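These notes are about the structure you will find just below.
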Amino acid sequence: MLPRKRPTQERSQRKFDALLAASRDLLTDVGFESFTCEEVAARADVPIGTLYQFFANKYVIVCELN
């Protein structure tokens, strides 16, 4: 599974990177079962709609981390 789109602008890349960093931290803190896209967006301080522009679901996020 691949991200829906790749960031093309620096600002978008920062948000994308923040989402991945927040995802990594959240997985470490709560594990996959308790991992939610809403919590990732909140931790990254990014609107949930922005997360879904890049990632369809939590499975895609985890695949991107690997």
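If you're wondering about the labels, chains in the structure tokens are A, B, ... by order shown, residues count from 1 in each chain, ligands from 1 in order shown.
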
Hey, what's within 10 Å of Ser23 of chain A if we count only C-alpha atoms and toss same-chain stuff fewer than 3 positions away? As a PyMOL selection string, please? chain A and resi 17-20+26-29+32+35-37+39-41+43-44+58+61-62+65

Can I get the selection written as a PDB file, in the first residue's frame, with N, CA and C atoms?
ATOM      1  N   ASP A  17       5.931  14.642   7.103  1.00  0.00           N
ATOM      2  CA  ASP A  17       6.947  14.175   8.047  1.00  0.00           C
ATOM      3  C   ASP A  17       6.430  14.207   9.481  1.00  0.00           C
ATOM      4  N   ALA A  18       5.670  15.251   9.832  1.00  0.00           N
ATOM      5  CA  ALA A  18       5.098  15.344  11.177  1.00  0.00           C
ATOM      6  C   ALA A  18       4.114  14.206  11.426  1.00  0.00           C
ATOM      7  N   LEU A  19       3.334  13.861  10.420  1.00  0.00           N
ATOM      8  CA  LEU A  19       2.393  12.745  10.557  1.00  0.00           C
ATOM      9  C   LEU A  19       3.130  11.426  10.762  1.00  0.00           C
ATOM     10  N   LEU A  20       4.205  11.222  10.040  1.00  0.00           N
ATOM     11  CA  LEU A  20       4.974   9.984  10.212  1.00  0.00           C
ATOM     12  C   LEU A  20       5.643   9.930  11.584  1.00  0.00           C
ATOM     13  N   LEU A  26       3.181   7.283  18.416  1.00  0.00           N
ATOM     14  CA  LEU A  26       1.924   6.703  18.880  1.00  0.00           C
ATOM     15  C   LEU A  26       1.986   5.180  18.883  1.00  0.00           C
ATOM     16  N   LEU A  27       2.558   4.598  17.860  1.00  0.00           N
ATOM     17  CA  LEU A  27       2.709   3.138  17.827  1.00  0.00           C
ATOM     18  C   LEU A  27       3.535   2.648  19.007  1.00  0.00           C
ATOM     19  N   THR A  28       4.579   3.379  19.334  1.00  0.00           N
ATOM     20  CA  THR A  28       5.418   3.020  20.476  1.00  0.00           C
ATOM     21  C   THR A  28       4.638   3.144  21.778  1.00  0.00           C
ATOM     22  N   ASP A  29       3.834   4.189  21.894  1.00  0.00           N
ATOM     23  CA  ASP A  29       3.104   4.458  23.134  1.00  0.00           C
ATOM     24  C   ASP A  29       1.920   3.528  23.357  1.00  0.00           C
ATOM     25  N   PHE A  32      -0.466  -1.015  17.927  1.00  0.00           N
ATOM     26  CA  PHE A  32      -1.259  -0.916  16.703  1.00  0.00           C
ATOM     27  C   PHE A  32      -2.764  -0.935  16.956  1.00  0.00           C
ATOM     28  N   PHE A  35      -4.024   2.412  18.000  1.00  0.00           N
ATOM     29  CA  PHE A  35      -3.546   3.452  17.090  1.00  0.00           C
ATOM     30  C   PHE A  35      -4.714   3.942  16.234  1.00  0.00           C
ATOM     31  N   THR A  36      -4.978   5.262  16.232  1.00  0.00           N
ATOM     32  CA  THR A  36      -6.053   5.814  15.400  1.00  0.00           C
ATOM     33  C   THR A  36      -5.518   6.977  14.563  1.00  0.00           C
ATOM     34  N   CYS A  37      -6.111   7.146  13.419  1.00  0.00           N
ATOM     35  CA  CYS A  37      -5.730   8.268  12.553  1.00  0.00           C
ATOM     36  C   CYS A  37      -6.037   9.597  13.227  1.00  0.00           C
ATOM     37  N   GLU A  39      -5.886  10.326  16.406  1.00  0.00           N
ATOM     38  CA  GLU A  39      -4.843  10.632  17.384  1.00  0.00           C
ATOM     39  C   GLU A  39      -3.542  11.029  16.693  1.00  0.00           C
ATOM     40  N   VAL A  40      -3.226  10.402  15.586  1.00  0.00           N
ATOM     41  CA  VAL A  40      -2.031  10.784  14.822  1.00  0.00           C
ATOM     42  C   VAL A  40      -2.138  12.246  14.392  1.00  0.00           C
ATOM     43  N   ALA A  41      -3.274  12.613  13.818  1.00  0.00           N
ATOM     44  CA  ALA A  41      -3.468  13.992  13.366  1.00  0.00           C
ATOM     45  C   ALA A  41      -3.356  14.971  14.532  1.00  0.00           C
ATOM     46  N   ARG A  43      -1.719  14.578  17.396  1.00  0.00           N
ATOM     47  CA  ARG A  43      -0.326  14.652  17.855  1.00  0.00           C
ATOM     48  C   ARG A  43       0.553  15.433  16.886  1.00  0.00           C
ATOM     49  N   ALA A  44       0.249  15.346  15.609  1.00  0.00           N
ATOM     50  CA  ALA A  44       1.034  16.064  14.596  1.00  0.00           C
ATOM     51  C   ALA A  44       0.565  17.504  14.433  1.00  0.00           C
ATOM     52  N   LYS A  58      -4.861   3.631   8.671  1.00  0.00           N
ATOM     53  CA  LYS A  58      -3.685   3.403   9.509  1.00  0.00           C
ATOM     54  C   LYS A  58      -2.759   2.340   8.932  1.00  0.00           C
ATOM     55  N   ILE A  61      -0.294   4.057   6.707  1.00  0.00           N
ATOM     56  CA  ILE A  61       0.703   4.787   7.501  1.00  0.00           C
ATOM     57  C   ILE A  61       1.784   3.831   7.991  1.00  0.00           C
ATOM     58  N   VAL A  62       1.362   2.707   8.538  1.00  0.00           N
ATOM     59  CA  VAL A  62       2.326   1.740   9.069  1.00  0.00           C
ATOM     60  C   VAL A  62       3.209   1.188   7.952  1.00  0.00           C
ATOM     61  N   LEU A  65       5.913   3.586   7.250  1.00  0.00           N
ATOM     62  CA  LEU A  65       6.947   3.619   8.285  1.00  0.00           C
ATOM     63  C   LEU A  65       7.981   2.516   8.096  1.00  0.00           C
TER      64      LEU A  65
END

Could you name the residues that touch Arg6 of chain A at 10 Å or less, counting only C-alpha atoms, but leaving out those on the same chain fewer than 4 positions away, as a short mmCIF file (atom, residue, chain, number, x, y, z; two decimals) with N, CA and C atoms, in the first residue's frame?
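around_14.cif, freshly written:
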data_model
loop_
_atom_site.label_atom_id
_atom_site.label_comp_id
_atom_site.auth_asym_id
_atom_site.auth_seq_id
_atom_site.Cartn_x
_atom_site.Cartn_y
_atom_site.Cartn_z
N LEU A 2 0.54 2.16 -0.84
CA LEU A 2 1.30 3.40 -0.95
C LEU A 2 0.46 4.58 -0.49
N SER A 12 3.97 21.02 2.63
CA SER A 12 3.31 19.71 2.63
C SER A 12 4.26 18.63 3.13
N GLN A 13 5.52 18.72 2.75
CA GLN A 13 6.50 17.73 3.21
C GLN A 13 6.66 17.79 4.72
N PHE A 16 3.65 16.01 6.17
CA PHE A 16 3.81 14.58 5.92
C PHE A 16 4.80 13.98 6.93
N GLN A 53 -5.53 13.11 3.06
CA GLN A 53 -5.01 13.45 1.72
C GLN A 53 -3.81 12.57 1.39
N PHE A 54 -3.05 12.23 2.42
CA PHE A 54 -1.84 11.43 2.23
C PHE A 54 -2.06 9.93 2.45
N PHE A 55 -2.88 9.58 3.42
CA PHE A 55 -3.02 8.19 3.84
C PHE A 55 -4.49 7.79 3.91
#

Please return, as a PDB file with N, CA and C atoms, in the first residue's frame, all residues of segment 5-57 of chain A that DSSP assigns to helix (DSSP H, G or I) on the basis of the backbone.
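Result saved to states18.pdb:
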ATOM      1  N   GLU A  10       7.330  22.207   0.122  1.00  0.00           N
ATOM      2  CA  GLU A  10       8.035  22.099   1.400  1.00  0.00           C
ATOM      3  C   GLU A  10       7.064  22.057   2.580  1.00  0.00           C
ATOM      4  N   ARG A  11       6.034  22.900   2.544  1.00  0.00           N
ATOM      5  CA  ARG A  11       5.057  22.929   3.634  1.00  0.00           C
ATOM      6  C   ARG A  11       4.344  21.590   3.749  1.00  0.00           C
ATOM      7  N   SER A  12       3.968  21.018   2.632  1.00  0.00           N
ATOM      8  CA  SER A  12       3.312  19.711   2.629  1.00  0.00           C
ATOM      9  C   SER A  12       4.260  18.627   3.127  1.00  0.00           C
ATOM     10  N   GLN A  13       5.515  18.721   2.749  1.00  0.00           N
ATOM     11  CA  GLN A  13       6.503  17.734   3.206  1.00  0.00           C
ATOM     12  C   GLN A  13       6.656  17.786   4.717  1.00  0.00           C
ATOM     13  N   ARG A  14       6.632  18.990   5.292  1.00  0.00           N
ATOM     14  CA  ARG A  14       6.724  19.120   6.754  1.00  0.00           C
ATOM     15  C   ARG A  14       5.540  18.448   7.428  1.00  0.00           C
ATOM     16  N   LYS A  15       4.345  18.630   6.887  1.00  0.00           N
ATOM     17  CA  LYS A  15       3.155  17.994   7.461  1.00  0.00           C
ATOM     18  C   LYS A  15       3.230  16.479   7.328  1.00  0.00           C
ATOM     19  N   PHE A  16       3.649  16.009   6.174  1.00  0.00           N
ATOM     20  CA  PHE A  16       3.808  14.576   5.922  1.00  0.00           C
ATOM     21  C   PHE A  16       4.797  13.979   6.928  1.00  0.00           C
ATOM     22  N   ASP A  17       5.931  14.642   7.103  1.00  0.00           N
ATOM     23  CA  ASP A  17       6.947  14.175   8.047  1.00  0.00           C
ATOM     24  C   ASP A  17       6.430  14.207   9.481  1.00  0.00           C
ATOM     25  N   ALA A  18       5.670  15.251   9.832  1.00  0.00           N
ATOM     26  CA  ALA A  18       5.098  15.344  11.177  1.00  0.00           C
ATOM     27  C   ALA A  18       4.114  14.206  11.426  1.00  0.00           C
ATOM     28  N   LEU A  19       3.334  13.861  10.420  1.00  0.00           N
ATOM     29  CA  LEU A  19       2.393  12.745  10.557  1.00  0.00           C
ATOM     30  C   LEU A  19       3.130  11.426  10.762  1.00  0.00           C
ATOM     31  N   LEU A  20       4.205  11.222  10.040  1.00  0.00           N
ATOM     32  CA  LEU A  20       4.974   9.984  10.212  1.00  0.00           C
ATOM     33  C   LEU A  20       5.643   9.930  11.584  1.00  0.00           C
ATOM     34  N   ALA A  21       6.184  11.045  12.037  1.00  0.00           N
ATOM     35  CA  ALA A  21       6.816  11.084  13.359  1.00  0.00           C
ATOM     36  C   ALA A  21       5.785  10.826  14.456  1.00  0.00           C
ATOM     37  N   ALA A  22       4.626  11.454  14.339  1.00  0.00           N
ATOM     38  CA  ALA A  22       3.560  11.239  15.320  1.00  0.00           C
ATOM     39  C   ALA A  22       3.092   9.788  15.295  1.00  0.00           C
ATOM     40  N   SER A  23       3.022   9.213  14.117  1.00  0.00           N
ATOM     41  CA  SER A  23       2.612   7.810  13.984  1.00  0.00           C
ATOM     42  C   SER A  23       3.601   6.885  14.672  1.00  0.00           C
ATOM     43  N   ARG A  24       4.868   7.125  14.450  1.00  0.00           N
ATOM     44  CA  ARG A  24       5.917   6.306  15.072  1.00  0.00           C
ATOM     45  C   ARG A  24       5.816   6.391  16.591  1.00  0.00           C
ATOM     46  N   ASP A  25       5.652   7.605  17.115  1.00  0.00           N
ATOM     47  CA  ASP A  25       5.540   7.798  18.561  1.00  0.00           C
ATOM     48  C   ASP A  25       4.288   7.124  19.113  1.00  0.00           C
ATOM     49  N   LEU A  26       3.181   7.283  18.416  1.00  0.00           N
ATOM     50  CA  LEU A  26       1.924   6.703  18.880  1.00  0.00           C
ATOM     51  C   LEU A  26       1.986   5.180  18.883  1.00  0.00           C
ATOM     52  N   LEU A  27       2.558   4.598  17.860  1.00  0.00           N
ATOM     53  CA  LEU A  27       2.709   3.138  17.827  1.00  0.00           C
ATOM     54  C   LEU A  27       3.535   2.648  19.007  1.00  0.00           C
ATOM     55  N   THR A  28       4.579   3.379  19.334  1.00  0.00           N
ATOM     56  CA  THR A  28       5.418   3.020  20.476  1.00  0.00           C
ATOM     57  C   THR A  28       4.638   3.144  21.778  1.00  0.00           C
ATOM     58  N   ASP A  29       3.834   4.189  21.894  1.00  0.00           N
ATOM     59  CA  ASP A  29       3.104   4.458  23.134  1.00  0.00           C
ATOM     60  C   ASP A  29       1.920   3.528  23.357  1.00  0.00           C
ATOM     61  N   VAL A  30       1.122   3.266  22.305  1.00  0.00           N
ATOM     62  CA  VAL A  30      -0.145   2.547  22.519  1.00  0.00           C
ATOM     63  C   VAL A  30      -0.270   1.247  21.741  1.00  0.00           C
ATOM     64  N   CYS A  37      -6.111   7.146  13.419  1.00  0.00           N
ATOM     65  CA  CYS A  37      -5.730   8.268  12.553  1.00  0.00           C
ATOM     66  C   CYS A  37      -6.037   9.597  13.227  1.00  0.00           C
ATOM     67  N   GLU A  38      -7.119   9.653  13.976  1.00  0.00           N
ATOM     68  CA  GLU A  38      -7.492  10.885  14.668  1.00  0.00           C
ATOM     69  C   GLU A  38      -6.413  11.302  15.660  1.00  0.00           C
ATOM     70  N   GLU A  39      -5.886  10.326  16.406  1.00  0.00           N
ATOM     71  CA  GLU A  39      -4.843  10.632  17.384  1.00  0.00           C
ATOM     72  C   GLU A  39      -3.542  11.029  16.693  1.00  0.00           C
ATOM     73  N   VAL A  40      -3.226  10.402  15.586  1.00  0.00           N
ATOM     74  CA  VAL A  40      -2.031  10.784  14.822  1.00  0.00           C
ATOM     75  C   VAL A  40      -2.138  12.246  14.392  1.00  0.00           C
ATOM     76  N   ALA A  41      -3.274  12.613  13.818  1.00  0.00           N
ATOM     77  CA  ALA A  41      -3.468  13.992  13.366  1.00  0.00           C
ATOM     78  C   ALA A  41      -3.356  14.971  14.532  1.00  0.00           C
ATOM     79  N   ALA A  42      -3.957  14.620  15.664  1.00  0.00           N
ATOM     80  CA  ALA A  42      -3.896  15.496  16.832  1.00  0.00           C
ATOM     81  C   ALA A  42      -2.457  15.667  17.320  1.00  0.00           C
ATOM     82  N   ARG A  43      -1.719  14.578  17.396  1.00  0.00           N
ATOM     83  CA  ARG A  43      -0.326  14.652  17.855  1.00  0.00           C
ATOM     84  C   ARG A  43       0.553  15.433  16.886  1.00  0.00           C
ATOM     85  N   ALA A  44       0.249  15.346  15.609  1.00  0.00           N
ATOM     86  CA  ALA A  44       1.034  16.064  14.596  1.00  0.00           C
ATOM     87  C   ALA A  44       0.565  17.504  14.433  1.00  0.00           C
ATOM     88  N   ILE A  48      -7.357  16.442  10.374  1.00  0.00           N
ATOM     89  CA  ILE A  48      -7.582  15.056   9.959  1.00  0.00           C
ATOM     90  C   ILE A  48      -7.726  14.950   8.441  1.00  0.00           C
ATOM     91  N   GLY A  49      -8.297  15.945   7.817  1.00  0.00           N
ATOM     92  CA  GLY A  49      -8.432  15.935   6.362  1.00  0.00           C
ATOM     93  C   GLY A  49      -7.090  15.909   5.656  1.00  0.00           C
ATOM     94  N   THR A  50      -6.106  16.578   6.244  1.00  0.00           N
ATOM     95  CA  THR A  50      -4.758  16.560   5.673  1.00  0.00           C
ATOM     96  C   THR A  50      -4.164  15.164   5.764  1.00  0.00           C
ATOM     97  N   LEU A  51      -4.365  14.503   6.898  1.00  0.00           N
ATOM     98  CA  LEU A  51      -3.880  13.125   7.030  1.00  0.00           C
ATOM     99  C   LEU A  51      -4.469  12.258   5.927  1.00  0.00           C
ATOM    100  N   TYR A  52      -5.783  12.385   5.704  1.00  0.00           N
ATOM    101  CA  TYR A  52      -6.439  11.541   4.703  1.00  0.00           C
ATOM    102  C   TYR A  52      -6.080  11.932   3.263  1.00  0.00           C
ATOM    103  N   GLN A  53      -5.533  13.115   3.057  1.00  0.00           N
ATOM    104  CA  GLN A  53      -5.010  13.449   1.724  1.00  0.00           C
ATOM    105  C   GLN A  53      -3.806  12.575   1.392  1.00  0.00           C
ATOM    106  N   PHE A  54      -3.050  12.229   2.424  1.00  0.00           N
ATOM    107  CA  PHE A  54      -1.842  11.430   2.232  1.00  0.00           C
ATOM    108  C   PHE A  54      -2.065   9.935   2.448  1.00  0.00           C
TER     109      PHE A  54
END
